[in-house]
Structure formats: C-alpha cells, structure tokens
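One structure is given here, and the rest of the page talks about it.
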Amino acid sequence: MQVFAILPAAGLGTRMAGPQPKQFLSLGGIPILIHSLRAFAAVPRITQIVVAVRKTEMDRVQAQIADHGFAQRVQVVEGGDNRQESVAHALAVIQAAPDDIVLVHDAVRPLIDAATIDRTIDAVGEHGAAIVGVPAVDTIKQVERTAHGAIVTATLPRESIVYAQTPQGFRFSLLKSAFAEATADGFIGTDEASVVERAGHRVAVVPGSQLNLKITQPGDLELAEFYLQHQRAR
C-alpha cells in the first residue's frame with residue numbers, strides 16, 4: 001500500500017492582508033509551506049507529496065523545495081481557482097491503486113506532527129476515510145442570519161461537535177469517485193470530508209491538537225511563532 005499527500009497551496013490568503021500569499025510568509029525563517037512539506041517528507045510511509053500552487057508560483061516553489069533537500073519526493077502541479085480544483089489537479093497526477101491512501105493537508109498548518117500523520121494513515125486503513133479533529137470547548141450556537149444581524153435558533157451540544165483540522169485521509173478510489181460525483185453535480189465542499197460525506201461515506205475522527213493551527217490571520221502567525229520557539233526549546 002502506498003500513501004500520497006496533497007497540499008493545496010494556490011490560495012491568495014486575502015484575510016492575512018500581507019504582501020504575498022500566507023503560505024509563503026516566513027515562520028522561524030522558513031516559508032510556511034516548506035514547514036508543512038517537510039513534516040510530510042519526514043514520514044517514511046509517505047511515498048509522494050504533491051503540492052498545488054498558482055502557475056506564477058511554480059518556479060519559486062520548485063526552487064524552495066530543491067533548496068531544502070526533498071525535491072525528489074515532491075511534485076509541483078498547477079492549482080485551480082478553489083481548493084477542490086487544486087486537489088483534483090493533484091489527484092489527476094497520482095499513480096495510485098484503488099486501496100492506496102491519499103492525505104490532504106492545509107498548506108498553512110505548518111506545525112503538524114508525524115504522530116498525527118501516522119494516526120491518520122492508520123485510521124484510513126481501518127475506516128476508509130478519516131480526518132483530524134479537536135473537541136469543541138466553546139458553547140456552539142446555531143443562528144439565523146437576518147438583515148439586522150444573527151439570531152440564535154439553537155444551542156448545539158459540545159460533545160457532538162469537533163473542529164475539523166487536516167490532514168484528511170481517504171482511500172484513493174473513494175476520494176476520486178466522490179470528487180467525480182461532486183464535479184458532475186456542481187457541488188463545492190468546504191473540505192474533502194464534506195465531499196466524501198455527501199457521497200454517503202462515513203468519516204472517522206482522529207484526535208488532533210491546538211498546535212496544529214491554521215494560519216489565516218496575522219495573530220495566527222504570532223501564535224505559530226510562539227509554538228515553534230517552544231518546540232525548539234524542548
């Protein structure tokens with residue numbers, strides 16, 4: 001069995017409001033994207049990594065990957081207009097058997113650890129589909145949007161809620177068929193699991209960590225810097 005990893009990294013990162021897309025910002029002196037790629041390159045069970053970036057960034061990313069010494073394990077492809085298209089482009093170049101495993105990871109979750117990646121691979125092997133998630137700690141309110149703001153319609157039980165993270169993993173044939181159905185129906189999911197769930201498949205949850213944060217706003221980068229410094233000091 002082979003394991004492939006896909007990192008969609010074609011987003012513009014408008015919420016960060018920085019001079020360049022957030023995946024290329026520096027974290028501890030290294031681009032965020034390189035941190036994420038290096039984490040997966042360090043897992044022996046992963047056969048190949050495919051990163052999808054905008055066409056104008058392909059040369060830069062290939063040069064960065066070569067500089068950090070894992071170019072042989074990473075293939076760079078052109079991304080799409082949204083996450084789902086980028087993942088589809090990456091799936092198209094993977095030479096996988098139906099039961100092989102594909103992991104999809106947010107390029108801007110640079111502090112993912114090898115143990116979580118391995119747990120996800122094991123869970124996909126058992127269940128066919130699995131995501132990383134952390135339990136909700138805040139009270140969750142369901143609301144109705146109105147012209148004058150939001151109105152609470154229900155309080156959801158925290159014990160039945162998890163915050164989805166990545167990686168999200170699936171058997172290759174399952175993810176391909178779910179994506180094909182979504183494309184045929186014009187459906188765009190918020191993550192890969194939503195596409196697979198829509199196709200009628202159950203998805204297991206692997207325990208995640210608050211350290212596996214997604215960098216979307218300036219404060220997230222500051223927090224990631226703090227966590228990284230703490231890890232290096234250990």
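Chain identifiers are assigned as A, B, and so on, following the order in which chains appear in the structure tokens; residues are numbered from 1 within each chain, and ligands are numbered from 1 in order of appearance.
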
Query raised in the report: Neighbours of Ala182 (chain A) within 7 Å (only C-alpha atoms; same-chain residues fewer than 5 positions away dropped), as a VMD selection string?
Result: chain A and resid 187 to 188 195

With C-alpha atoms retained, could you export that selection as a PDB file, in the first residue's frame?
```
ATOM      1  CA  PHE A 187     -21.020  20.817  -5.693  1.00  0.00           C
ATOM      2  CA  ILE A 188     -18.111  22.535  -3.942  1.00  0.00           C
ATOM      3  CA  VAL A 195     -17.394  15.858  -0.428  1.00  0.00           C
TER       4      VAL A 195
END
```

Requested in this report: Find the residues around Pro135 (chain A) up to 12 Å (only C-alpha atoms counted), leave out those fewer than 6 positions away in its own chain, and share them as number ranges by chain.
Outcome: A: 157-165, 205-210

Report task. Give me the residues within 6 Å of region 34-40 of chain A as a PyMOL selection string, counting only C-alpha atoms and dropping any in the same chain fewer than 2 places off. Result -> chain A and resi 31-32+42-43+107+110

**Report entry** Nearby residues (only C-alpha atoms) at most 8 Å from Glu78 (chain A), same-chain spacing under 6 positions excluded, as a list of chain:residue names
**Finding:** A:Ala52, A:Val53, A:Arg54, A:Lys55, A:Met58, A:Ser86, A:His89

Please, could you write that set of residues out with all heavy atoms as an mmCIF file, in the first residue's frame?
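For reference, result.cif as written:
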```cif
data_model
loop_
_atom_site.group_PDB
_atom_site.id
_atom_site.type_symbol
_atom_site.label_atom_id
_atom_site.label_comp_id
_atom_site.auth_asym_id
_atom_site.auth_seq_id
_atom_site.Cartn_x
_atom_site.Cartn_y
_atom_site.Cartn_z
ATOM 1 N N ALA A 52 -0.040 21.782 -4.922
ATOM 2 C CA ALA A 52 -0.699 22.528 -5.997
ATOM 3 C C ALA A 52 -0.600 24.018 -5.705
ATOM 4 O O ALA A 52 -1.057 24.479 -4.654
ATOM 5 C CB ALA A 52 -2.166 22.111 -6.108
ATOM 6 N N VAL A 53 0.014 24.759 -6.616
ATOM 7 C CA VAL A 53 0.211 26.196 -6.435
ATOM 8 C C VAL A 53 -0.212 26.931 -7.706
ATOM 9 O O VAL A 53 -0.419 26.322 -8.753
ATOM 10 C CB VAL A 53 1.687 26.528 -6.097
ATOM 11 C CG1 VAL A 53 2.128 25.812 -4.841
ATOM 12 C CG2 VAL A 53 2.611 26.165 -7.261
ATOM 13 N N ARG A 54 -0.323 28.228 -7.587
ATOM 14 C CA ARG A 54 -0.659 29.023 -8.771
ATOM 15 C C ARG A 54 0.478 28.931 -9.789
ATOM 16 O O ARG A 54 1.657 28.796 -9.425
ATOM 17 C CB ARG A 54 -0.913 30.480 -8.380
ATOM 18 C CG ARG A 54 -2.193 30.636 -7.571
ATOM 19 C CD ARG A 54 -2.600 32.077 -7.389
ATOM 20 N NE ARG A 54 -3.922 32.124 -6.763
ATOM 21 C CZ ARG A 54 -5.068 32.085 -7.411
ATOM 22 N NH1 ARG A 54 -5.063 32.028 -8.735
ATOM 23 N NH2 ARG A 54 -6.224 32.100 -6.778
ATOM 24 N N LYS A 55 0.125 29.029 -11.065
ATOM 25 C CA LYS A 55 1.108 28.868 -12.133
ATOM 26 C C LYS A 55 2.271 29.828 -11.963
ATOM 27 O O LYS A 55 3.432 29.465 -12.198
ATOM 28 C CB LYS A 55 0.430 29.082 -13.492
ATOM 29 C CG LYS A 55 1.327 28.815 -14.683
ATOM 30 C CD LYS A 55 0.546 28.930 -15.983
ATOM 31 C CE LYS A 55 1.426 28.588 -17.184
ATOM 32 N NZ LYS A 55 0.666 28.662 -18.461
ATOM 33 N N MET A 58 4.947 28.434 -9.423
ATOM 34 C CA MET A 58 5.507 27.087 -9.558
ATOM 35 C C MET A 58 7.028 27.081 -9.530
ATOM 36 O O MET A 58 7.643 26.254 -8.845
ATOM 37 C CB MET A 58 4.982 26.420 -10.836
ATOM 38 C CG MET A 58 3.495 26.114 -10.780
ATOM 39 S SD MET A 58 2.846 25.315 -12.286
ATOM 40 C CE MET A 58 3.600 23.690 -12.167
ATOM 41 N N SER A 86 -7.869 22.458 -6.924
ATOM 42 C CA SER A 86 -6.446 22.193 -6.695
ATOM 43 C C SER A 86 -6.214 20.741 -6.303
ATOM 44 O O SER A 86 -5.289 20.085 -6.787
ATOM 45 C CB SER A 86 -5.903 23.130 -5.611
ATOM 46 O OG SER A 86 -5.866 24.465 -6.064
ATOM 47 N N HIS A 89 -6.644 18.539 -9.334
ATOM 48 C CA HIS A 89 -5.475 18.570 -10.221
ATOM 49 C C HIS A 89 -4.371 17.655 -9.681
ATOM 50 O O HIS A 89 -3.685 16.976 -10.451
ATOM 51 C CB HIS A 89 -4.943 20.000 -10.333
ATOM 52 C CG HIS A 89 -5.822 20.915 -11.126
ATOM 53 N ND1 HIS A 89 -5.482 22.219 -11.406
ATOM 54 C CD2 HIS A 89 -7.033 20.715 -11.717
ATOM 55 C CE1 HIS A 89 -6.451 22.780 -12.111
ATOM 56 N NE2 HIS A 89 -7.398 21.894 -12.311
#
```

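Taking only C-alpha atoms into account, Ala193 (chain A) lies nearest to A:Leu174 out of the set A:Leu213, A:Leu174, A:Ala41, A:Ala63.
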
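Nearest residue to Arg232 (chain A), choosing from A:Leu111, A:Ala199, A:Pro8, A:Arg119 and counting only C-alpha atoms: A:Leu111.
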
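Comparing A:Asn212, A:Gln217, A:Gln20, A:Gln62 by their smallest distance to Gly133 (chain A), the closest is A:Asn212 (using only C-alpha atoms).
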
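With only C-alpha atoms as the basis for measurement, A:Ala5 is the residue among A:Arg198, A:Thr190, A:Gln84, A:Ala5 that approaches Ala96 (chain A) most closely.
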
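Counting from CA of Glu192 (chain A), the distance to CA of Ala123 (chain A) is 15.8 Å.
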
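Ranking A:Val137, A:Val50, A:Val87, A:Ala9 by their shortest atom-to-atom distance to Ala71 (chain A), with only C-alpha atoms included, puts A:Val50 first.
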
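Among the candidates A:Ala90, A:Ala115, A:Ala150, A:Val203, the one nearest to Ala130 (chain A) when counting only C-alpha atoms is A:Val203.
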
Running DSSP on the backbone, which parts of region 54-86 of chain A land in strand (DSSP E or B), as a PDB file with N, CA and C atoms, in the first residue's frame?
```pdb
ATOM      1  N   VAL A  74       8.671  15.393  -3.937  1.00  0.00           N
ATOM      2  CA  VAL A  74       7.588  16.361  -4.108  1.00  0.00           C
ATOM      3  C   VAL A  74       7.395  16.684  -5.581  1.00  0.00           C
ATOM      4  N   GLN A  75       6.146  16.665  -6.022  1.00  0.00           N
ATOM      5  CA  GLN A  75       5.797  17.097  -7.369  1.00  0.00           C
ATOM      6  C   GLN A  75       4.938  18.352  -7.268  1.00  0.00           C
ATOM      7  N   VAL A  76       5.259  19.343  -8.078  1.00  0.00           N
ATOM      8  CA  VAL A  76       4.524  20.607  -8.083  1.00  0.00           C
ATOM      9  C   VAL A  76       3.585  20.617  -9.286  1.00  0.00           C
ATOM     10  N   VAL A  77       2.301  20.901  -9.035  1.00  0.00           N
ATOM     11  CA  VAL A  77       1.319  20.995 -10.115  1.00  0.00           C
ATOM     12  C   VAL A  77       0.605  22.338 -10.019  1.00  0.00           C
ATOM     13  N   GLU A  78      -0.008  22.721 -11.118  1.00  0.00           N
ATOM     14  CA  GLU A  78      -0.762  23.968 -11.124  1.00  0.00           C
ATOM     15  C   GLU A  78      -2.093  23.780 -10.391  1.00  0.00           C
TER      16      GLU A  78
END
```

Query raised in the report: Residues of region 137-227 of chain A in alpha helix (DSSP H) according to DSSP, as an NGL selection string?
Result: :A and (172-185 or 192-198 or 218-227)

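Relative to CA of Glu197 (chain A), CA of Lys176 (chain A) is found at 13.1 Å.
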